[in-house]
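> Sharing a structure below in structure tokens format, with a few things to ask.
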Amino acid sequence: MTDWVDVAGCEDIAAGACKIVDVDDVAIAVFNIDGEFYAIEDLCTHDGGDLASGEVDGDAIICPRHGARFCIKTGEVLEAPAYEPVDIFPVRIEAGRVQVRDDRWDD
């Protein structure tokens, strides 16, 4: 099982904002959506560009390159040109700290 990575204090990521963290050479964007934290891979499945620098619209992120929209909560594609979902990651709160891990390769 992969280790949990400390991202920030809960109060350090404002509502509607995100923070990027590197977990085993994977850029993960951790978002605060109305006080709940969600994590997605910072990689557009359409063209491989970053997502976190895009506009957050409710619980969606809009890719800054070509306008693909993804649900931050589920990773699902909401609008083309992307057709493949973005990977999501587990998030937990421990002692007021936001933590994330990449569990894709766990057994």
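In the structure tokens, each chain is lettered A, B, ... as it comes, each chain's residues begin at 1, and ligands are numbered from 1 in order of appearance.
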Which neighbours of A:Ile13 fall inside 10 Å, counting only C-alpha atoms, when residues of the same chain fewer than 2 positions from it are skipped, and could you give them as a PyMOL selection string?
chain A and resi 7-11+15-19+30-33+35+37+98
> Take the residues from that selection and put them in a file with C-alpha atoms, as an mmCIF file, in the first residue's frame.

data_model
loop_
_atom_site.group_PDB
_atom_site.id
_atom_site.type_symbol
_atom_site.label_atom_id
_atom_site.label_comp_id
_atom_site.auth_asym_id
_atom_site.auth_seq_id
_atom_site.Cartn_x
_atom_site.Cartn_y
_atom_site.Cartn_z
ATOM 1 C CA VAL A 7 -0.663 18.212 1.346
ATOM 2 C CA ALA A 8 -1.580 21.147 3.612
ATOM 3 C CA GLY A 9 -3.627 22.204 6.583
ATOM 4 C CA CYS A 10 -7.370 22.197 5.913
ATOM 5 C CA GLU A 11 -7.437 25.975 6.266
ATOM 6 C CA ALA A 15 -12.886 26.944 -1.092
ATOM 7 C CA GLY A 16 -12.672 26.705 -4.887
ATOM 8 C CA ALA A 17 -8.865 26.554 -4.810
ATOM 9 C CA CYS A 18 -6.411 23.713 -5.233
ATOM 10 C CA LYS A 19 -2.871 22.717 -4.400
ATOM 11 C CA VAL A 30 -6.158 18.579 -4.391
ATOM 12 C CA PHE A 31 -9.284 20.760 -4.491
ATOM 13 C CA ASN A 32 -11.479 22.248 -1.772
ATOM 14 C CA ILE A 33 -15.076 22.138 -2.996
ATOM 15 C CA GLY A 35 -15.206 22.378 2.506
ATOM 16 C CA PHE A 37 -11.435 17.799 -0.396
ATOM 17 C CA VAL A 98 -5.208 17.104 4.187
#
> Can you tell me, as a tab-separated table (two decimals) with C-alpha atoms, in the first residue's frame, what residues are no more than 8 Å from stretch 71-88 of chain A when counting only C-alpha atoms, ignoring any on the same chain fewer than 4 positions away?

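Okay, out_28.tsv is ready:
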chain	number	residue	atom	x	y	z
A	31	PHE	CA	-9.28	20.76	-4.49
A	38	TYR	CA	-11.00	15.88	-3.66
A	39	ALA	CA	-7.92	14.82	-5.60
A	40	ILE	CA	-7.43	14.23	-9.32
A	41	GLU	CA	-4.40	13.67	-11.50
A	43	LEU	CA	-3.27	15.67	-16.42
A	44	CYS	CA	-5.86	16.24	-19.13
A	45	THR	CA	-6.72	12.94	-20.80
A	46	HIS	CA	-7.26	14.76	-24.10
A	59	ASP	CA	-17.33	20.84	-8.95
A	60	ALA	CA	-15.84	20.91	-12.46
A	61	ILE	CA	-12.41	21.84	-13.75
A	66	HIS	CA	-8.95	23.07	-25.16
A	67	GLY	CA	-11.88	23.47	-22.77
> For A:Ala27, which residue among A:Cys63, A:Ala52, A:Asp6, A:Pro90 is the nearest when counting only C-alpha atoms?
A:Ala52
> Using atom CA of A:Glu36 and atom CA of A:Val100 as the two end points, give the distance in Å to one decimal.
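Separation of atom CA of A:Glu36 and atom CA of A:Val100: 13.1 Å.
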